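Chemist: For reference, the structure I am asking about is given below.
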There are 4 protein chains.
Amino acid sequence: MKSYHLTPGTGLAGLTIREHKDPEPGPGQVLVRMRASALSYRELLVLTGDYPLPIRPDVIPGCAGAGEVVAVGAGVDRVAPGDRVAASVFPHWIDGPFAWEYAAQLGSSLDGTLTELGLFGEQGLVPIPDHLSYEEAATLPLTALTAWNALTGGRPLRAGETVLTLGTGDVSLFAVRFAKLSGARVLATTSSADRARRLRELGADEVIDYAETPAWHEAVRAHTGGRGVDHVVHVAGSLDQSVRATAIEGEVAFVGNWLGRETATPLSEATLFASAARIRPIAVGSRAQFAAMNAAVAAHDVHPSIDRVFPFAEAHAAFRYRETAGPFGSVIIAHP
Amino acid sequence: MKSYHLTPGTGLAGLTIREHKDPEPGPGQVLVRMRASALSYRELLVLTGDYPLPIRPDVIPGCAGAGEVVAVGAGVDRVAPGDRVAASVFPHWIDGPFAWEYAAQLGSSLDGTLTELGLFGEQGLVPIPDHLSYEEAATLPLTALTAWNALTGGRPLRAGETVLTLGTGDVSLFAVRFAKLSGARVLATTSSADRARRLRELGADEVIDYAETPAWHEAVRAHTGGRGVDHVVHVAGSLDQSVRATAIEGEVAFVGNWLGRETATPLSEATLFASAARIRPIAVGSRAQFAAMNAAVAAHDVHPSIDRVFPFAEAHAAFRYRETAGPFGSVIIAHP
Amino acid sequence: MKSYHLTPGTGLAGLTIREHKDPEPGPGQVLVRMRASALSYRELLVLTGDYPLPIRPDVIPGCAGAGEVVAVGAGVDRVAPGDRVAASVFPHWIDGPFAWEYAAQLGSSLDGTLTELGLFGEQGLVPIPDHLSYEEAATLPLTALTAWNALTGGRPLRAGETVLTLGTGDVSLFAVRFAKLSGARVLATTSSADRARRLRELGADEVIDYAETPAWHEAVRAHTGGRGVDHVVHVAGSLDQSVRATAIEGEVAFVGNWLGRETATPLSEATLFASAARIRPIAVGSRAQFAAMNAAVAAHDVHPSIDRVFPFAEAHAAFRYRETAGPFGSVIIAHP
Amino acid sequence: MKSYHLTPGTGLAGLTIREHKDPEPGPGQVLVRMRASALSYRELLVLTGDYPLPIRPDVIPGCAGAGEVVAVGAGVDRVAPGDRVAASVFPHWIDGPFAWEYAAQLGSSLDGTLTELGLFGEQGLVPIPDHLSYEEAATLPLTALTAWNALTGGRPLRAGETVLTLGTGDVSLFAVRFAKLSGARVLATTSSADRARRLRELGADEVIDYAETPAWHEAVRAHTGGRGVDHVVHVAGSLDQSVRATAIEGEVAFVGNWLGRETATPLSEATLFASAARIRPIAVGSRAQFAAMNAAVAAHDVHPSIDRVFPFAEAHAAFRYRETAGPFGSVIIAHP
């Protein structure tokens with residue numbers, strides 16, 4: 001079987017593919033024939049060496065993938081051969097808030113999904129919804145789960161509340177869908193008419209063009225009777241502006257700042273106090289959140305947006321495309 | 001102006017109508033021209049003397065109504081003449097869990113809504129959604145709010161979860177709608193094919209005939225892969241059976257047992273422990289919950305089910321109808 | 001009866017005292033013979049015009065006070081003549097999260113406590129613990145309640161957790177006590193050996209000299225095995241530094257930035273993401289929180305720290321002392 | 001090395017000891033030299049066959065124990081040789097609410113602690129506080145953790161609240177201590193003056209003799225000004241009576257009814273509705289709760305009550321003593 005491997009910080013040149021003997025599952029382990037992986041911004045940072053967590057040399061990259069169980073080790077009872085599963089990005093994060101003891105992560109400190117056969121602990125696997133293809137399911141572990149955690153992991157999202165999403169990255173596209181199927185109203189931002197149209201197709205009630213309206217937080221206020229939104233899924237840009245767009249006791253889910261680069265306008269303490277918004281940094285989600293999300297995805301027949309699918313042999317091209325094409329939806333690698 | 005008055009425990013004979021001078025609002029008070037009241041099971045218990053809380057002699061009955069503000073007293077700034085409002089059943093319950101200090105209640109210890117002009121404290125008033133008629137809005141303060149509290153006041157309801165409703169009382173009909181617009185799956189029970197059809201029209205995903213299937217909790221288990229439901233809105237019948245239908249860590253919202261009569265099968269402690277369900281007794285909801293519910297009702301263009309509307313002069317007929325007709329939807333009294 | 005009045009933004013020169021006819025309580029109102037008021041930093045900002053909320057011209061200043069009920073208006077049943085009570089700073093904030101509709105505030109938009117007789121709505125009054133003098137009880141509504149909300153209003157504080165307090169302002173002194181009586185470990189900061197000693201007397205387990213150790217967040221990390229604290233009561237200074245001192249999923253209660261002046265080092269988004277701390281801005285607390293705090297104060301026989309008591313006639317001197325003396329504990333005005 | 005083994009349902013006669021080859025830890029596994037086990041009521045039920053969950057034939061009994069890590073398998077990084085650890089009763093329950101997928105349990109479906117050397121998954125181990133002996137630490141995984149979950153796992157326990165404990169079983173003794181170190185007031189029940197004295201020594205503020213006062217819920221009401229308590233740790237007896245003792249929106253943590261025998265007075269629905277108490281069934285707790293409890297135990301220098309320690313060779317005598325002696329505190333088996 002073949003696996004991709006990575007020399008951290010060397011970019012695409014450091015991404016190689018090698019042949020291995022098929023691994024065998026030990027006690028508590030599960031062998032999965034990977035069928036699809038999703039390439040996210042996170043994977044690009046791993047390649048370039050900008051990812052803030054340690055990368056094991058020669059690691060198999062890829063933190064988000066789905067496949068079929070082909071063999072199980074002694075004592076495994078969560079899954080059985082033939083099961084369709086996804087792997088948890090943080091396999092030790094089962095439920096509750098994140099903690100350092102859950103920090104081991106696929107595709108960085110642990111081998112990831114860009115392999116024909118992957119060996120995972122049984123506790124880190126989650127069944128995927130029946131109605132999804134493997135390509136679709138590969139989007140769930142990272143970007144979908146981040147959106148789900150952003151909306152449900154802190155202040156509960158209630159029907160009738162208003163959610164703000166920013167741009168058309170994968171997390172934001174999922175956030176639009178998850179907010180809508182939870183009964184919320186969605187305000188979204190983007191900078192092109194075409195993307196605005198596609199956001200509306202996904203359910204966005206209002207789309208604000210942030211290029212035309214740089215003070216988009218004021219437009220958000222205007223669309224909410226001056227009140228501000230109840231939830232922001234803040235994926236990038238000025239945190240200060242997101243806080244200004246938030247209602248009293250609303251929540252800004254802060255989806256990272258992976259590069260450690262500060263935005264031009266730092267968060268003003270006066271803004272924060274005046275808004276009375278809560279800020280909650282998040283990163284992906286727990287296995288329990290993954291399962292809860294899957295129940296919602298299944299109940300609402302959600303099909304993730306996929307921009308393009310590349311064959312397993314063309315991972316380099318897929319990475320280049322992910323980096324440069326500005327996709328609308330996920331970039332997927334289909335395994336053989 | 002005319003008001004109905006009540007001699008508690010004397011039934012319909014004790015319900016009389018009298019002419020009064022128009023009241024004037026004092027500091028913090030609001031005069032409301034009532035436009036509609038909703039008659040619930042609770043009002044029948046007040047009439048018969050079976051209501052468990054004290055009834056002030058000669059009280060104006062009716063705990064759920066809507067109308068238009070006609071005058072405000074000194075210092076009032078929550079509402080203004082012309083505003084369309086509903087009155088909170090527990091005017092002092094603003095937010096948070098219920099407490100004894102909030103126990104004063106319209107239509108029992110405080111004058112209620114069956115009057116042409118009602119005098120209310122400004123803190124006990126809530127704006128009603130624009131898209132609703134007064135008749136529709138009169139259903140909100142009691143039965144709708146109870147259903148909303150049942151689903152959102154304890155364990156948060158998330159999209160993809162499953163809710164069980166029982167029968168076709170007003171609370172259950174609202175629970176079906178609120179669960180659906182929150183993205184949940186709904187199992188409902190009833191005993192007639194016609195009502196099953198109407199429950200499905202409101203959104204119920206599965207309807208179980210409890211007459212055909214007395215062990216309906218087993219049918220609920222079967223419809224949830226053996227797991228049980230995440231939420232039960234338990235309005236009547238065997239609490240034991242509802243607990244048996246509930247998933248581990250699921251929640252049974254226990255909507256009262258107003259008559260103090262025990263069901264044939266008391267709740268078994270073994271059932272409770274084996275189910276690991278949580279039980280949360282509730283009664284109506286807070287003003288903050290009322291406002292949150294109204295936001296959802298407005299966002300989803302919910303129109304409450306109304307069975308029949310009676311004119312103000314025919315309150316006696318309305319009460320008789322409410323008691324005997326087995327209505328599907330609310331029985332409303334339209335004020336002049 | 002005499003009351004102080006205020007011309008906002010004119011400083012102490014704008015603070016005058018005038019004789020009035022005794023007021024009479026209307027429906028729902030309560031007349032309270034004020035016995036003590038507490039002067040806080042907030043009162044200084046009101047005087048100087050730096051307070052960010054609108055001040056009614058000629059308002060009676062003082063948001064925190066305690067006294068004895070002398071008369072009640074029609075319909076009042078929460079209190080009776082002779083009751084010892086404190087007034088809620090936000091009289092309409094009964095329970096739950098803060099909301100704009102609760103923004104009316106004593107001593108700014110509403111008449112406050114620096115009066116011999118105060119007229120309050122009954123819903124805004126709270127009984128005070130028996131073991132406290134009026135002088136002591138006057139400290140409860142603002143600074144004590146802020147500390148209580150900081151520790152209990154968001155992430156629940158559990159025994160065995162660690163709390164960080166900053167400096168020796170009134171809020172911080174209460175935070176030390178409330179954290180200790182909740183079973184937490186307390187790290188405190190100050191810049192003098194004498195204050196460090198007094199913080200230890202109040203229960204602080206470790207005191208860090210922030211003058212000697214400007215990077216005090218590193219000292220906090222060191223005292224928590226690198227983990228950071230579970231709760232910070234952030235009253236002033238660099239929010240960035242407080243966030244750096246906080247454990248993953250810990251909470252920084254952000255007690256305002258009333259002047260709208262930014263700290264030298266704004267909160268870095270990279271800091272925030274790396275710490276994974278939650279930030280929750282707060283302002284005072286609800287009536288329900290007030291009552292819960294009083295139960296704890298009574299159960300643990302807490303006596304608030306009082307620095308100095310001035311007679312009612314010497315309010316100007318009291319304000320000057322509060323502004324310049326750097327008190328350890330509250331500055332109180334005792335009413336006649 | 002020697003291990004005890006069990007033939008379920010045959011009582012003490014079915015408890016045998018056998019010699020084994022020392023096991024070796026596989027990937028993710030940890031070999032622990034067990035130093036102490038605690039015998040609880042649960043172990044007696046396992047022996048008699050009354051335990052409601054399946055028991056694997058020939059299983060090593062004992063769900064609560066502590067020991068020293070002697071070897072670790074591949075990939076283990078949570079613990080290292082020399083570490084003092086306890087084993088989680090439910091090794092797969094890491095955090096969050098209980099779920100069926102966490103049901104595997106030491107001493108029933110999985111081998112337990114009554115062995116000289118135990119093999120455990122690394123995720124199911126928790127470091128124990130330094131100040132505790134192994135005998136003391138053996139009490140933590142089951143009865144202490146149950147008490148901790150009862151008080152902190154649902155409605156948060158706040159300083160100044162009131163807790164009711166029932167009797168002097170191990171869970172109740174821990175509940176008294178944990179409530180006190182959280183700043184709560186404790187009402188306890190027992191039926192002997194000597195035990196009342198010992199409960200007071202542990203911190204109970206009031207002790208009610210339930211033999212003298214069979215309607216002890218009325219005494220509880222009297223001791224709380226009619227209000228009822230905020231938390232009940234209901235370990236046995238009439239759930240109806242515990243609910244009657246509870247304040248509105250208070251919580252009854254229902255610690256099982258393992259035998260499936262109903263109490264004489266079933267829970268009345270009228271009682272439940274009138275009390276407006278919430279009921280939350282619980283069983284032990286998660287690993288995250290275990291760690292949080294240990295932090296509190298360490299911070300407050302808690303030393304568990306131990307009634308008697310038996311040597312490993314005398315397990316039969318220990319079980320007989322546990323069954324018949326009515327111990328005050330835990331019965332411990334000290335391993336060689």
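Chain labels A, B, ... are given in the sequence in which chains occur in the structure tokens; within each chain residues are numbered consecutively from 1, and ligands are likewise numbered from 1 in the order shown.
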If you run DSSP on the backbone here, which positions in stretch 176-324 of chain D get strand (DSSP E)? Please write them as a PyMOL selection string.

Modeler: chain D and resi 185-190+206-209+229-234+246-254+278-281+306-311

Chemist: Tell me which protein, DNA and RNA residues are within 9 Å of stretch 67-74 of chain C, counting only C-alpha atoms, leaving out same-chain ones fewer than 6 positions away, and put them as a ChimeraX atom specification.

Modeler: /C:24-37,80-87,117-118,122,134,137-138,335

Chemist: For the interface of chain A with chain D (cut-off 8 Å, counting only C-alpha atoms), please tabulate each contacting residue of chain A alongside its nearest pair of atoms and their separation in Å to one decimal, rows sorted by chain and increasing number, as CSV.

Modeler:
```
residue,atom,partner,partner_atom,distance
A:Gly26,CA,D:Pro27,CA,7.1
A:Pro27,CA,D:Pro27,CA,6.8
A:Arg78,CA,D:Glu101,CA,7.8
A:Ile94,CA,D:Ile94,CA,6.4
A:Asp95,CA,D:Asp95,CA,5.1
A:Gly96,CA,D:Gly96,CA,4.8
A:Glu101,CA,D:Arg78,CA,7.8
```

Chemist: Output the selection as a JSON list (two decimals), in the first residue's frame - N, CA, C and O atoms for each residue.

Modeler:
```json
[["chain", "number", "residue", "atom", "x", "y", "z"],
["A", 26, "GLY", "N", -3.16, -3.75, 15.84],
["A", 26, "GLY", "CA", -2.91, -4.32, 17.17],
["A", 26, "GLY", "C", -4.16, -4.17, 18.04],
["A", 26, "GLY", "O", -5.22, -3.77, 17.57],
["A", 27, "PRO", "N", -4.04, -4.48, 19.34],
["A", 27, "PRO", "CA", -5.18, -4.36, 20.25],
["A", 27, "PRO", "C", -5.76, -2.95, 20.21],
["A", 27, "PRO", "O", -5.02, -1.97, 20.31],
["A", 78, "ARG", "N", -16.13, -0.97, 18.73],
["A", 78, "ARG", "CA", -16.86, 0.21, 18.22],
["A", 78, "ARG", "C", -17.18, 0.08, 16.74],
["A", 78, "ARG", "O", -18.18, 0.64, 16.27],
["A", 94, "ILE", "N", -12.79, 13.11, 23.22],
["A", 94, "ILE", "CA", -14.03, 12.34, 23.12],
["A", 94, "ILE", "C", -15.26, 13.23, 23.34],
["A", 94, "ILE", "O", -16.23, 13.17, 22.59],
["A", 95, "ASP", "N", -15.22, 14.04, 24.38],
["A", 95, "ASP", "CA", -16.36, 14.91, 24.67],
["A", 95, "ASP", "C", -15.86, 16.01, 25.61],
["A", 95, "ASP", "O", -14.74, 15.95, 26.11],
["A", 96, "GLY", "N", -16.71, 16.99, 25.87],
["A", 96, "GLY", "CA", -16.35, 18.06, 26.79],
["A", 96, "GLY", "C", -15.42, 19.06, 26.12],
["A", 96, "GLY", "O", -15.13, 18.97, 24.92],
["A", 101, "GLU", "N", -4.32, 17.34, 27.03],
["A", 101, "GLU", "CA", -4.09, 15.90, 26.93],
["A", 101, "GLU", "C", -4.76, 15.29, 25.70],
["A", 101, "GLU", "O", -4.56, 14.12, 25.41]]
```

Chemist: Quick one: of B:Trp100, B:Gly326, B:Leu181, B:Thr271, who's nearest to D:Arg227, counting only C-alpha atoms?

Modeler: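 Among the listed residues, B:Trp100 lies closest to D:Arg227.
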
Chemist: Please return, as a list in words, all residues of stretch 180-241 of chain B that DSSP assigns to helix (DSSP H, G or I) on the basis of the backbone.

Modeler: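 Result set for stretch 180-241 of chain B (helix (DSSP H, G or I)): Lys180, Leu181, Ala193, Asp194, Arg195, Ala196, Arg197, Arg198, Leu199, Arg200, Glu201, Leu202, Trp216, His217, Glu218, Ala219, Val220, Arg221, Ala222, His223, Leu239, Asp240 and Gln241 of chain B.
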
Chemist: Once you have the residues from the selection above, write them out as a CSV table (one decimal), in the first residue's frame, restricted to N, CA and C atoms.

Modeler:
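Result file is selection14.csv:
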```
chain,number,residue,atom,x,y,z
B,180,LYS,N,-39.6,21.1,15.0
B,180,LYS,CA,-39.3,21.1,13.6
B,180,LYS,C,-38.5,22.3,13.2
B,181,LEU,N,-38.9,23.5,13.6
B,181,LEU,CA,-38.2,24.7,13.1
B,181,LEU,C,-36.8,24.8,13.8
B,193,ALA,N,-56.7,8.5,13.2
B,193,ALA,CA,-56.0,8.7,11.9
B,193,ALA,C,-56.1,10.1,11.4
B,194,ASP,N,-57.2,10.8,11.7
B,194,ASP,CA,-57.3,12.1,11.3
B,194,ASP,C,-56.3,13.1,12.0
B,195,ARG,N,-56.2,12.9,13.3
B,195,ARG,CA,-55.3,13.7,14.0
B,195,ARG,C,-53.8,13.3,13.6
B,196,ALA,N,-53.6,12.1,13.3
B,196,ALA,CA,-52.2,11.7,12.9
B,196,ALA,C,-51.9,12.5,11.6
B,197,ARG,N,-52.9,12.5,10.7
B,197,ARG,CA,-52.6,13.3,9.5
B,197,ARG,C,-52.3,14.7,9.7
B,198,ARG,N,-53.1,15.3,10.7
B,198,ARG,CA,-52.9,16.7,10.9
B,198,ARG,C,-51.5,17.0,11.7
B,199,LEU,N,-51.2,16.0,12.5
B,199,LEU,CA,-49.8,16.1,13.1
B,199,LEU,C,-48.7,16.1,12.1
B,200,ARG,N,-48.9,15.2,11.1
B,200,ARG,CA,-47.9,15.1,10.0
B,200,ARG,C,-47.9,16.4,9.2
B,201,GLU,N,-49.1,17.0,9.0
B,201,GLU,CA,-49.1,18.3,8.3
B,201,GLU,C,-48.3,19.4,9.1
B,202,LEU,N,-48.3,19.3,10.4
B,202,LEU,CA,-47.6,20.3,11.2
B,202,LEU,C,-46.1,20.0,11.2
B,216,TRP,N,-46.5,2.3,23.7
B,216,TRP,CA,-46.0,3.2,22.7
B,216,TRP,C,-44.5,3.6,22.9
B,217,HIS,N,-44.1,3.4,24.1
B,217,HIS,CA,-42.6,3.7,24.4
B,217,HIS,C,-41.8,2.7,23.6
B,218,GLU,N,-42.3,1.5,23.4
B,218,GLU,CA,-41.5,0.6,22.7
B,218,GLU,C,-41.4,1.0,21.2
B,219,ALA,N,-42.5,1.5,20.7
B,219,ALA,CA,-42.5,2.0,19.3
B,219,ALA,C,-41.6,3.2,19.2
B,220,VAL,N,-41.5,4.0,20.2
B,220,VAL,CA,-40.6,5.1,20.2
B,220,VAL,C,-39.2,4.6,20.1
B,221,ARG,N,-38.9,3.6,21.0
B,221,ARG,CA,-37.5,3.0,20.9
B,221,ARG,C,-37.2,2.5,19.5
B,222,ALA,N,-38.2,1.8,19.0
B,222,ALA,CA,-38.0,1.2,17.7
B,222,ALA,C,-37.7,2.2,16.6
B,223,HIS,N,-38.4,3.4,16.7
B,223,HIS,CA,-38.2,4.4,15.7
B,223,HIS,C,-36.9,5.2,16.0
B,239,LEU,N,-45.9,9.1,33.3
B,239,LEU,CA,-44.5,9.6,33.3
B,239,LEU,C,-43.5,8.4,33.2
B,240,ASP,N,-43.9,7.3,33.7
B,240,ASP,CA,-43.0,6.1,33.6
B,240,ASP,C,-42.8,5.8,32.2
B,241,GLN,N,-43.9,5.8,31.4
B,241,GLN,CA,-43.8,5.4,30.0
B,241,GLN,C,-42.9,6.5,29.2
```

Chemist: Near B:Ala188, within 6 Å and counting only C-alpha atoms, which residues show up once chain neighbours fewer than 5 positions away are dropped, as JSON, numbers by chain?

Modeler: {"B": [164, 165, 166, 207]}

Chemist: Those residues you just picked out, can you put them in a file as a PDB file, in the first residue's frame with C-alpha atoms?

Modeler:
```
ATOM      1  CA  LEU B 164     -41.408  13.083  21.430  1.00  0.00           C
ATOM      2  CA  THR B 165     -44.745  14.855  21.802  1.00  0.00           C
ATOM      3  CA  LEU B 166     -47.876  13.350  23.327  1.00  0.00           C
ATOM      4  CA  VAL B 207     -47.019   9.372  14.486  1.00  0.00           C
TER       5      VAL B 207
END
```

Chemist: Could you name the residues that touch stretch 308-322 of chain D at 12 Å or less, counting only C-alpha atoms, but leaving out those on the same chain fewer than 2 positions away, as a VMD selection string?

Modeler: chain D and resid 2 to 6 11 to 18 34 to 48 61 to 62 113 to 116 134 to 136 138 to 139 169 to 170 304 to 306 324 to 336

Chemist: With only C-alpha atoms as the counted atoms, please give the residues lying no more than 10 Å from A:Leu53, apart from itself and same-chain residues fewer than 6 positions off, as a count of residues only.

Modeler: 7
